[in-house]
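Structure file protein_33.pdb (PDB, C-alpha atoms) is printed below.
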```pdb
ATOM      1  CA  MET A1213     132.130 225.941 115.733
ATOM      2  CA  GLY A1214     134.775 224.213 117.846
ATOM      3  CA  THR A1215     137.635 226.436 116.693
ATOM      4  CA  VAL A1216     139.438 228.320 119.451
ATOM      5  CA  THR A1217     140.457 231.788 118.343
ATOM      6  CA  ALA A1218     142.404 234.215 120.470
ATOM      7  CA  ALA A1219     140.940 237.633 121.107
ATOM      8  CA  ASP A1220     142.987 240.783 120.795
ATOM      9  CA  PRO A1221     144.189 240.996 124.417
ATOM     10  CA  HIS A1222     142.693 244.418 125.069
ATOM     11  CA  PHE A1223     140.759 243.731 128.246
ATOM     12  CA  LEU A1224     143.618 243.580 130.758
ATOM     13  CA  ALA A1225     145.312 246.491 128.999
ATOM     14  CA  ASP A1226     142.136 248.578 129.240
ATOM     15  CA  LYS A1227     141.682 248.970 133.012
ATOM     16  CA  ASP A1228     140.184 252.446 132.774
ATOM     17  CA  ALA A1229     137.370 251.240 130.508
ATOM     18  CA  LYS A1230     133.878 250.920 131.973
ATOM     19  CA  VAL A1231     133.017 247.333 132.968
ATOM     20  CA  PHE A1232     129.462 246.406 133.955
ATOM     21  CA  VAL A1233     129.224 243.382 136.265
ATOM     22  CA  ALA A1234     125.605 242.239 136.319
ATOM     23  CA  GLY A1235     124.789 240.301 139.484
ATOM     24  CA  HIS A1236     127.625 241.644 141.643
ATOM     25  CA  ARG A1237     126.048 240.570 144.941
ATOM     26  CA  GLY A1238     125.805 236.876 144.074
ATOM     27  CA  LEU A1239     128.338 234.118 144.549
ATOM     28  CA  VAL A1240     129.868 234.556 141.077
ATOM     29  CA  GLY A1241     129.422 238.280 140.504
ATOM     30  CA  SER A1242     130.908 239.249 143.871
ATOM     31  CA  ALA A1243     134.027 237.181 143.136
ATOM     32  CA  ILE A1244     134.404 238.766 139.688
ATOM     33  CA  LEU A1245     133.998 242.239 141.207
ATOM     34  CA  ARG A1246     136.680 241.490 143.826
ATOM     35  CA  ARG A1247     139.033 240.224 141.115
ATOM     36  CA  LEU A1248     138.533 243.241 138.835
ATOM     37  CA  LEU A1249     139.180 245.680 141.679
ATOM     38  CA  ALA A1250     142.251 243.717 142.792
ATOM     39  CA  LEU A1251     143.612 243.917 139.229
ATOM     40  CA  GLY A1252     143.245 247.709 139.249
ATOM     41  CA  PHE A1253     140.148 248.264 137.109
ATOM     42  CA  THR A1254     139.042 251.816 137.881
ATOM     43  CA  SER A1255     135.579 252.044 136.354
ATOM     44  CA  VAL A1256     133.562 249.009 137.398
ATOM     45  CA  VAL A1257     129.821 249.690 137.281
ATOM     46  CA  VAL A1258     127.373 247.758 139.462
ATOM     47  CA  ARG A1259     123.707 248.051 140.378
ATOM     48  CA  THR A1260     121.699 246.332 143.093
ATOM     49  CA  HIS A1261     118.392 244.691 142.189
ATOM     50  CA  SER A1262     116.492 247.598 143.780
ATOM     51  CA  GLU A1263     118.475 250.069 141.655
ATOM     52  CA  LEU A1264     118.094 248.112 138.404
ATOM     53  CA  ASP A1265     115.699 245.215 137.848
ATOM     54  CA  LEU A1266     117.272 243.300 134.961
ATOM     55  CA  THR A1267     113.968 241.607 134.130
ATOM     56  CA  ARG A1268     112.544 244.997 133.057
ATOM     57  CA  GLN A1269     113.580 245.667 129.462
ATOM     58  CA  ALA A1270     112.999 249.441 129.429
ATOM     59  CA  ASP A1271     115.041 249.932 132.612
ATOM     60  CA  VAL A1272     117.939 247.872 131.239
ATOM     61  CA  GLU A1273     117.920 249.805 127.945
ATOM     62  CA  ALA A1274     117.912 253.128 129.826
ATOM     63  CA  PHE A1275     120.835 251.974 131.998
ATOM     64  CA  PHE A1276     122.943 250.958 128.978
ATOM     65  CA  ALA A1277     122.109 254.188 127.154
ATOM     66  CA  ALA A1278     123.186 256.263 130.161
ATOM     67  CA  GLU A1279     126.284 254.292 131.240
ATOM     68  CA  ARG A1280     127.546 253.015 127.869
ATOM     69  CA  PRO A1281     129.857 250.292 129.236
ATOM     70  CA  CYS A1282     132.712 248.913 127.134
ATOM     71  CA  TYR A1283     132.629 245.444 128.678
ATOM     72  CA  VAL A1284     129.832 243.394 130.208
ATOM     73  CA  VAL A1285     130.074 240.338 132.466
ATOM     74  CA  LEU A1286     126.634 238.756 132.787
ATOM     75  CA  ALA A1287     126.696 236.896 136.108
ATOM     76  CA  ALA A1288     123.139 237.780 137.137
ATOM     77  CA  ALA A1289     120.732 234.855 137.350
ATOM     78  CA  LYS A1290     117.945 233.377 139.428
ATOM     79  CA  VAL A1291     119.570 230.299 140.969
ATOM     80  CA  GLY A1292     118.700 227.546 143.439
ATOM     81  CA  GLY A1293     118.900 223.855 144.234
ATOM     82  CA  ILE A1294     116.637 220.959 143.249
ATOM     83  CA  HIS A1295     113.879 221.939 145.687
ATOM     84  CA  ALA A1296     113.718 225.527 144.414
ATOM     85  CA  ASN A1297     113.792 224.483 140.745
ATOM     86  CA  SER A1298     111.044 221.920 141.285
ATOM     87  CA  THR A1299     108.825 224.282 143.288
ATOM     88  CA  PHE A1300     109.195 227.446 141.186
ATOM     89  CA  PRO A1301     109.804 226.301 137.569
ATOM     90  CA  ALA A1302     107.985 229.260 135.975
ATOM     91  CA  ASP A1303     110.054 231.739 138.000
ATOM     92  CA  PHE A1304     113.311 230.079 136.985
ATOM     93  CA  ILE A1305     112.687 229.930 133.249
ATOM     94  CA  ALA A1306     111.029 233.352 132.969
ATOM     95  CA  ALA A1307     113.414 235.402 135.123
ATOM     96  CA  ASN A1308     116.556 233.945 133.532
ATOM     97  CA  LEU A1309     115.285 234.353 129.975
ATOM     98  CA  GLN A1310     114.314 237.960 130.735
ATOM     99  CA  ILE A1311     117.651 238.858 132.360
ATOM    100  CA  GLN A1312     119.731 237.357 129.547
ATOM    101  CA  THR A1313     117.629 238.723 126.704
ATOM    102  CA  ASN A1314     117.462 242.222 128.144
ATOM    103  CA  VAL A1315     121.171 242.514 128.938
ATOM    104  CA  VAL A1316     122.502 240.971 125.701
ATOM    105  CA  ASP A1317     120.055 242.922 123.539
ATOM    106  CA  ALA A1318     120.824 246.223 125.299
ATOM    107  CA  ALA A1319     124.567 245.545 124.986
ATOM    108  CA  LEU A1320     124.102 244.992 121.259
ATOM    109  CA  ARG A1321     121.944 248.078 120.736
ATOM    110  CA  CYS A1322     123.822 250.664 122.791
ATOM    111  CA  GLY A1323     126.866 250.568 120.480
ATOM    112  CA  SER A1324     129.556 250.935 123.147
ATOM    113  CA  VAL A1325     130.087 247.298 124.177
ATOM    114  CA  ARG A1326     133.296 245.745 122.858
ATOM    115  CA  LYS A1327     132.823 242.393 124.565
ATOM    116  CA  LEU A1328     130.260 240.491 126.625
ATOM    117  CA  LEU A1329     130.761 237.315 128.626
ATOM    118  CA  PHE A1330     127.733 235.222 129.588
ATOM    119  CA  LEU A1331     128.003 232.796 132.494
ATOM    120  CA  GLY A1332     125.982 229.602 132.372
ATOM    121  CA  SER A1333     126.033 226.310 134.257
ATOM    122  CA  SER A1334     127.013 222.677 133.795
ATOM    123  CA  CYS A1335     123.317 221.746 134.023
ATOM    124  CA  ILE A1336     123.003 222.684 130.309
ATOM    125  CA  TYR A1337     124.331 219.225 129.430
ATOM    126  CA  PRO A1338     122.256 216.057 128.964
ATOM    127  CA  LYS A1339     121.599 214.004 132.089
ATOM    128  CA  PHE A1340     123.419 210.999 130.623
ATOM    129  CA  ALA A1341     126.177 212.815 128.728
ATOM    130  CA  PRO A1342     129.408 210.792 128.345
ATOM    131  CA  GLN A1343     131.954 211.633 131.053
ATOM    132  CA  PRO A1344     133.924 213.835 131.207
ATOM    133  CA  ILE A1345     131.468 216.193 129.506
ATOM    134  CA  THR A1346     132.847 218.091 126.511
ATOM    135  CA  GLU A1347     131.398 221.295 125.060
ATOM    136  CA  GLY A1348     130.171 219.231 122.109
ATOM    137  CA  ALA A1349     127.709 217.330 124.338
ATOM    138  CA  LEU A1350     125.308 220.302 124.330
ATOM    139  CA  LEU A1351     121.865 219.390 122.908
ATOM    140  CA  THR A1352     122.735 215.733 122.329
ATOM    141  CA  GLY A1353     120.167 214.306 124.774
ATOM    142  CA  PRO A1354     117.478 215.016 127.377
ATOM    143  CA  LEU A1355     118.265 217.237 130.368
ATOM    144  CA  GLU A1356     118.048 216.439 134.077
ATOM    145  CA  PRO A1357     114.287 216.952 134.690
ATOM    146  CA  THR A1358     114.690 218.560 138.130
ATOM    147  CA  ASN A1359     116.398 221.687 136.787
ATOM    148  CA  GLU A1360     115.495 221.708 133.096
ATOM    149  CA  TRP A1361     113.735 225.092 133.423
ATOM    150  CA  TYR A1362     116.975 226.781 134.479
ATOM    151  CA  ALA A1363     119.008 224.739 131.980
ATOM    152  CA  ILE A1364     116.768 225.674 129.025
ATOM    153  CA  ALA A1365     117.181 229.354 129.870
ATOM    154  CA  LYS A1366     120.969 229.001 130.058
ATOM    155  CA  ILE A1367     121.078 227.153 126.729
ATOM    156  CA  ALA A1368     119.040 229.992 125.224
ATOM    157  CA  GLY A1369     121.630 232.433 126.604
ATOM    158  CA  ILE A1370     124.455 230.577 124.855
ATOM    159  CA  LYS A1371     122.497 230.532 121.601
ATOM    160  CA  MET A1372     121.644 234.231 121.883
ATOM    161  CA  CYS A1373     125.331 235.097 122.268
ATOM    162  CA  GLN A1374     126.156 232.916 119.254
ATOM    163  CA  ALA A1375     123.344 234.456 117.182
ATOM    164  CA  CYS A1376     124.459 238.011 117.998
ATOM    165  CA  ARG A1377     128.024 237.100 117.003
ATOM    166  CA  ILE A1378     126.878 235.541 113.695
ATOM    167  CA  GLN A1379     124.355 238.214 112.709
ATOM    168  CA  HIS A1380     125.768 241.381 114.271
ATOM    169  CA  GLY A1381     129.450 240.686 114.967
ATOM    170  CA  LEU A1382     129.036 241.204 118.727
ATOM    171  CA  ASP A1383     132.016 239.728 120.572
ATOM    172  CA  ALA A1384     129.857 237.681 122.951
ATOM    173  CA  VAL A1385     131.348 234.586 124.575
ATOM    174  CA  SER A1386     129.942 232.069 127.052
ATOM    175  CA  ALA A1387     131.553 230.206 129.951
ATOM    176  CA  MET A1388     130.016 227.152 131.627
ATOM    177  CA  PRO A1389     131.348 226.583 135.152
ATOM    178  CA  THR A1390     131.127 223.357 137.110
ATOM    179  CA  ASN A1391     129.722 223.194 140.685
ATOM    180  CA  LEU A1392     130.870 226.320 142.500
ATOM    181  CA  TYR A1393     131.408 227.203 146.143
ATOM    182  CA  GLY A1394     132.889 230.042 148.174
ATOM    183  CA  PRO A1395     132.005 233.281 149.989
ATOM    184  CA  HIS A1396     128.509 234.675 149.287
ATOM    185  CA  ASP A1397     127.105 231.216 148.551
ATOM    186  CA  ASN A1398     123.473 230.430 149.393
ATOM    187  CA  PHE A1399     123.220 228.546 152.693
ATOM    188  CA  HIS A1400     119.409 228.385 152.790
ATOM    189  CA  PRO A1401     118.225 225.118 154.452
ATOM    190  CA  GLU A1402     115.942 224.181 151.521
ATOM    191  CA  ASN A1403     117.211 226.062 148.460
ATOM    192  CA  SER A1404     120.985 225.521 148.643
ATOM    193  CA  HIS A1405     123.334 223.201 146.755
ATOM    194  CA  VAL A1406     125.112 220.201 148.272
ATOM    195  CA  LEU A1407     128.284 221.832 149.589
ATOM    196  CA  PRO A1408     126.790 224.847 151.430
ATOM    197  CA  ALA A1409     124.014 222.549 152.678
ATOM    198  CA  LEU A1410     126.628 220.223 154.221
ATOM    199  CA  ILE A1411     128.485 223.157 155.806
ATOM    200  CA  ARG A1412     125.289 224.441 157.380
ATOM    201  CA  ARG A1413     124.164 221.018 158.643
ATOM    202  CA  PHE A1414     127.506 220.156 160.222
ATOM    203  CA  HIS A1415     127.783 223.603 161.808
ATOM    204  CA  GLU A1416     124.280 223.415 163.304
ATOM    205  CA  ALA A1417     124.939 219.866 164.552
ATOM    206  CA  LYS A1418     128.176 221.046 166.171
ATOM    207  CA  ALA A1419     126.426 224.040 167.773
ATOM    208  CA  CYS A1420     123.804 221.848 169.466
ATOM    209  CA  ASN A1421     126.126 218.911 170.223
ATOM    210  CA  ALA A1422     124.101 216.534 168.052
ATOM    211  CA  PRO A1423     125.354 212.921 168.147
ATOM    212  CA  GLU A1424     125.161 212.422 164.383
ATOM    213  CA  VAL A1425     124.485 213.977 160.988
ATOM    214  CA  VAL A1426     122.492 211.928 158.475
ATOM    215  CA  VAL A1427     123.289 212.470 154.797
ATOM    216  CA  TRP A1428     121.170 211.120 151.939
ATOM    217  CA  GLY A1429     122.438 208.325 149.704
ATOM    218  CA  SER A1430     125.469 206.070 149.782
ATOM    219  CA  GLY A1431     128.092 208.802 149.345
ATOM    220  CA  SER A1432     129.430 207.130 146.203
ATOM    221  CA  PRO A1433     128.553 209.721 143.491
ATOM    222  CA  LEU A1434     131.508 211.657 142.098
ATOM    223  CA  ARG A1435     131.344 215.431 141.809
ATOM    224  CA  GLU A1436     133.642 218.241 140.696
ATOM    225  CA  PHE A1437     133.934 221.531 142.598
ATOM    226  CA  LEU A1438     135.568 224.850 141.702
ATOM    227  CA  HIS A1439     136.200 227.736 144.076
ATOM    228  CA  VAL A1440     134.438 230.862 142.873
ATOM    229  CA  ASP A1441     137.703 232.857 142.975
ATOM    230  CA  ASP A1442     139.086 230.435 140.385
ATOM    231  CA  LEU A1443     136.012 231.053 138.222
ATOM    232  CA  ALA A1444     136.541 234.811 138.569
ATOM    233  CA  ASP A1445     140.135 234.348 137.411
ATOM    234  CA  ALA A1446     138.948 232.236 134.459
ATOM    235  CA  THR A1447     136.353 234.874 133.547
ATOM    236  CA  ILE A1448     139.025 237.583 133.336
ATOM    237  CA  PHE A1449     141.223 235.188 131.343
ATOM    238  CA  LEU A1450     138.458 234.531 128.786
ATOM    239  CA  MET A1451     137.563 238.224 128.522
ATOM    240  CA  ASP A1452     141.186 238.866 127.614
ATOM    241  CA  GLN A1453     142.120 235.789 125.621
ATOM    242  CA  TYR A1454     139.105 234.136 123.977
ATOM    243  CA  SER A1455     136.826 235.120 121.131
ATOM    244  CA  GLY A1456     134.942 232.197 119.657
ATOM    245  CA  LEU A1457     131.492 230.904 118.833
ATOM    246  CA  GLU A1458     131.562 227.828 121.073
ATOM    247  CA  HIS A1459     131.037 228.096 124.833
ATOM    248  CA  VAL A1460     133.915 227.133 127.148
ATOM    249  CA  ASN A1461     133.784 224.727 130.089
ATOM    250  CA  VAL A1462     135.413 225.949 133.302
ATOM    251  CA  GLY A1463     136.167 223.238 135.845
ATOM    252  CA  SER A1464     138.853 222.013 138.206
ATOM    253  CA  GLY A1465     139.304 218.690 136.402
ATOM    254  CA  SER A1466     139.397 216.781 139.706
ATOM    255  CA  GLU A1467     136.666 214.711 141.337
ATOM    256  CA  VAL A1468     135.658 213.871 144.881
ATOM    257  CA  THR A1469     133.017 211.425 146.143
ATOM    258  CA  ILE A1470     130.153 212.889 148.164
ATOM    259  CA  LYS A1471     131.411 210.712 151.052
ATOM    260  CA  GLU A1472     134.910 212.251 150.823
ATOM    261  CA  LEU A1473     133.344 215.702 150.578
ATOM    262  CA  ALA A1474     131.161 215.156 153.653
ATOM    263  CA  GLU A1475     134.139 213.850 155.652
ATOM    264  CA  LEU A1476     136.166 216.892 154.622
ATOM    265  CA  VAL A1477     133.388 219.335 155.590
ATOM    266  CA  LYS A1478     132.979 217.483 158.922
ATOM    267  CA  GLU A1479     136.713 217.929 159.565
ATOM    268  CA  VAL A1480     136.778 221.616 158.556
ATOM    269  CA  VAL A1481     133.717 222.451 160.682
ATOM    270  CA  GLY A1482     135.041 220.453 163.624
ATOM    271  CA  PHE A1483     131.970 218.291 164.164
ATOM    272  CA  GLN A1484     132.848 215.453 166.562
ATOM    273  CA  GLY A1485     129.749 213.257 166.109
ATOM    274  CA  LYS A1486     129.007 210.442 163.673
ATOM    275  CA  LEU A1487     128.363 210.730 159.952
ATOM    276  CA  VAL A1488     125.519 208.395 158.950
ATOM    277  CA  TRP A1489     124.518 207.537 155.372
ATOM    278  CA  ASP A1490     120.836 206.940 154.604
ATOM    279  CA  SER A1491     121.153 204.545 151.667
ATOM    280  CA  THR A1492     117.350 204.333 151.301
ATOM    281  CA  LYS A1493     117.518 207.835 149.780
ATOM    282  CA  PRO A1494     118.534 208.405 146.133
ATOM    283  CA  ASP A1495     122.106 209.093 145.086
ATOM    284  CA  GLY A1496     121.408 211.133 141.970
ATOM    285  CA  THR A1497     123.717 211.058 138.951
ATOM    286  CA  PRO A1498     126.670 208.704 139.657
ATOM    287  CA  ARG A1499     129.287 210.945 138.061
ATOM    288  CA  LYS A1500     129.419 214.507 136.791
ATOM    289  CA  LEU A1501     132.740 215.817 135.529
ATOM    290  CA  MET A1502     133.319 218.520 132.943
ATOM    291  CA  ASP A1503     136.050 218.254 130.328
ATOM    292  CA  SER A1504     137.856 221.579 130.766
ATOM    293  CA  SER A1505     140.801 220.712 128.523
ATOM    294  CA  LYS A1506     139.915 223.544 126.125
ATOM    295  CA  ILE A1507     140.520 226.348 128.657
ATOM    296  CA  HIS A1508     143.387 224.428 130.280
ATOM    297  CA  GLU A1509     145.140 224.164 126.900
ATOM    298  CA  MET A1510     144.654 227.920 126.425
ATOM    299  CA  GLY A1511     146.771 228.425 129.557
ATOM    300  CA  TRP A1512     144.331 228.764 132.462
ATOM    301  CA  LYS A1513     144.473 226.456 135.495
ATOM    302  CA  PRO A1514     142.643 226.577 138.860
ATOM    303  CA  LYS A1515     144.682 227.452 141.954
ATOM    304  CA  VAL A1516     142.499 226.928 145.039
ATOM    305  CA  ASP A1517     142.792 223.539 146.767
ATOM    306  CA  LEU A1518     139.423 222.090 147.900
ATOM    307  CA  LYS A1519     140.287 221.901 151.614
ATOM    308  CA  GLU A1520     141.821 225.386 151.603
ATOM    309  CA  GLY A1521     138.712 226.715 149.857
ATOM    310  CA  LEU A1522     136.391 224.974 152.337
ATOM    311  CA  VAL A1523     138.248 226.477 155.316
ATOM    312  CA  GLU A1524     137.821 229.960 153.831
ATOM    313  CA  THR A1525     134.163 229.352 152.934
ATOM    314  CA  TYR A1526     133.328 228.056 156.412
ATOM    315  CA  LYS A1527     134.996 231.084 157.999
ATOM    316  CA  TRP A1528     132.895 233.368 155.779
ATOM    317  CA  TYR A1529     129.743 231.438 156.728
ATOM    318  CA  VAL A1530     130.446 231.810 160.451
ATOM    319  CA  ASP A1531     131.466 235.479 160.172
ATOM    320  CA  LYS A1532     128.690 236.627 157.832
ATOM    321  CA  VAL A1533     125.746 234.232 158.000
ATOM    322  CA  VAL A1534     125.819 232.892 161.555
ATOM    323  CA  SER A1535     126.914 236.157 163.217
ATOM    324  CA  ASP A1536     124.261 238.146 161.313
ATOM    325  CA  LYS A1537     121.545 236.014 162.950
ATOM    326  CA  LYS A1538     122.729 236.821 166.465
TER     327      LYS A1538
END
```

Have the structure of the file written as structure tokens, please.
Amino acid sequence: MGTVTAADPHFLADKDAKVFVAGHRGLVGSAILRRLLALGFTSVVVRTHSELDLTRQADVEAFFAAERPCYVVLAAAKVGGIHANSTFPADFIAANLQIQTNVVDAALRCGSVRKLLFLGSSCIYPKFAPQPITEGALLTGPLEPTNEWYAIAKIAGIKMCQACRIQHGLDAVSAMPTNLYGPHDNFHPENSHVLPALIRRFHEAKACNAPEVVVWGSGSPLREFLHVDDLADATIFLMDQYSGLEHVNVGSGSEVTIKELAELVKEVVGFQGKLVWDSTKPDGTPRKLMDSSKIHEMGWKPKVDLKEGLVETYKWYVDKVVSDKK
């Protein structure tokens, strides 16, 4: 199961073939769409949620029958932070299971799909997995309870791709990215992840000349971040170069403390006040780093520096999110 086998590198040589990017308006899907178009792919197919609801099996089957794509990148998912996962657990497990099952099954049945790539998340791994987390840590212990609904769905997606490969010979592969950030991220005050939440809080504090920003915890936990453009690059790389049963971790391989991250966001945003740590609040997992040596040894490496990526992400936030509210 751990064997890395190279695919016939047809994908990058097949730029006129029809590629369906599911979830093209999200953080990940939009980056993959930008990358495909930049590389010269001429027949990229996308649908908005109002045009195609991926949770509706009949609609997905009709779409695949009509469009008959050659390649599928499954980046569509219902996503959110701890608050959203805790508040809407039924929505998270049901919607993600439906999306994955419908798309993978339709890709298998329509007969035109040469390859499918399923995108998961690092939350598939046990809460107390040894660090850095290798692909082999999957299903070796209990999950983080706050997002287990989403994680269970993503694990099912990996297993569905593996089952379709074993039983039907479908070239379905899975990639598990680390914490992502970049343009088109979710900056919602309650449902966002740590990095966009920090960007929003520092920006709003700057806008109203607040004297300080209070951040939960001690700032000591270590986290790994990957710019979404790097993930898009890795996705194309795997579509072209990898065909194997085991999923593949995609991470930067470098860590930053939450304190270092907050200081960096404060600097990028230009907030002049104080940064205060509320150590009465929980820190969460002390360390979370993925072992991405498998994809790195295959020849892929990330390119976007964290500060450079934060500058770009903050500019997008100001241009698109803040200006749209005015």

To verify the selection step, state as number ranges by chain which residues the PyMOL selection byres ((chain A and resi 1253-1269) around 8) yields on this input. A: 1227-1237, 1245, 1248-1252, 1270-1273, 1275, 1307, 1310-1311, 1314-1315

Selection result for the PyMOL selection byres ((chain A and resi 1472-1482) around 7) on this file, as a PyMOL selection string: chain A and resi 1410-1411+1414-1415+1468-1471+1483-1484+1523

Would you save the residues of that selection, restricted to C-alpha atoms, as a short mmCIF file (atom, residue, chain, number, x, y, z; two decimals), keeping the file's coordinate frame?
```
data_model
loop_
_atom_site.label_atom_id
_atom_site.label_comp_id
_atom_site.auth_asym_id
_atom_site.auth_seq_id
_atom_site.Cartn_x
_atom_site.Cartn_y
_atom_site.Cartn_z
CA LEU A 1410 126.63 220.22 154.22
CA ILE A 1411 128.49 223.16 155.81
CA PHE A 1414 127.51 220.16 160.22
CA HIS A 1415 127.78 223.60 161.81
CA VAL A 1468 135.66 213.87 144.88
CA THR A 1469 133.02 211.42 146.14
CA ILE A 1470 130.15 212.89 148.16
CA LYS A 1471 131.41 210.71 151.05
CA PHE A 1483 131.97 218.29 164.16
CA GLN A 1484 132.85 215.45 166.56
CA VAL A 1523 138.25 226.48 155.32
#
```

Selection under test: the PyMOL selection byres ((chain A and resi 1464) around 6); residues as an mmCIF file with C-alpha atoms, keeping the file's coordinate frame:
```cif
data_model
loop_
_atom_site.group_PDB
_atom_site.id
_atom_site.type_symbol
_atom_site.label_atom_id
_atom_site.label_comp_id
_atom_site.auth_asym_id
_atom_site.auth_seq_id
_atom_site.Cartn_x
_atom_site.Cartn_y
_atom_site.Cartn_z
ATOM 1 C CA LEU A 1438 135.568 224.850 141.702
ATOM 2 C CA GLY A 1463 136.167 223.238 135.845
ATOM 3 C CA GLY A 1465 139.304 218.690 136.402
ATOM 4 C CA SER A 1466 139.397 216.781 139.706
ATOM 5 C CA PRO A 1514 142.643 226.577 138.860
#
```

Using only C-alpha atoms, which of the listed residues (A:Thr1497, A:Gln1343, A:Leu1392, A:Ala1289) sits closest to Pro1433 in chain A?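 Selected residue with least distance to Pro1433 in chain A: A:Thr1497.
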
Nearest to Lys1339 in chain A among A:Leu1501, A:Ala1225, A:Ala1318, A:Val1240, with distances taken over only C-alpha atoms: which residue is it?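 Nearest candidate to Lys1339 in chain A out of A:Leu1501, A:Ala1225, A:Ala1318, A:Val1240: A:Leu1501.
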
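Of the listed residues (A:Ala1363, A:Ala1277, A:Arg1413, A:Ser1432), A:Arg1413 comes nearest to Pro1401 in chain A; the distances count all atoms listed in the file.
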
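With all atoms listed in the file as the atoms that count, the minimum distance from Ser1333 in chain A to the choices A:His1459, A:Lys1532, A:Arg1246, A:Arg1280 is reached by A:His1459.
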
Among the residues A:Ala1422, A:Ala1409, A:Phe1304, A:Leu1331, the one that comes closest to Ile1364 in chain A [using only C-alpha atoms]: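 Of A:Ala1422, A:Ala1409, A:Phe1304, A:Leu1331, the one nearest Ile1364 in chain A is A:Phe1304, counting only C-alpha atoms.
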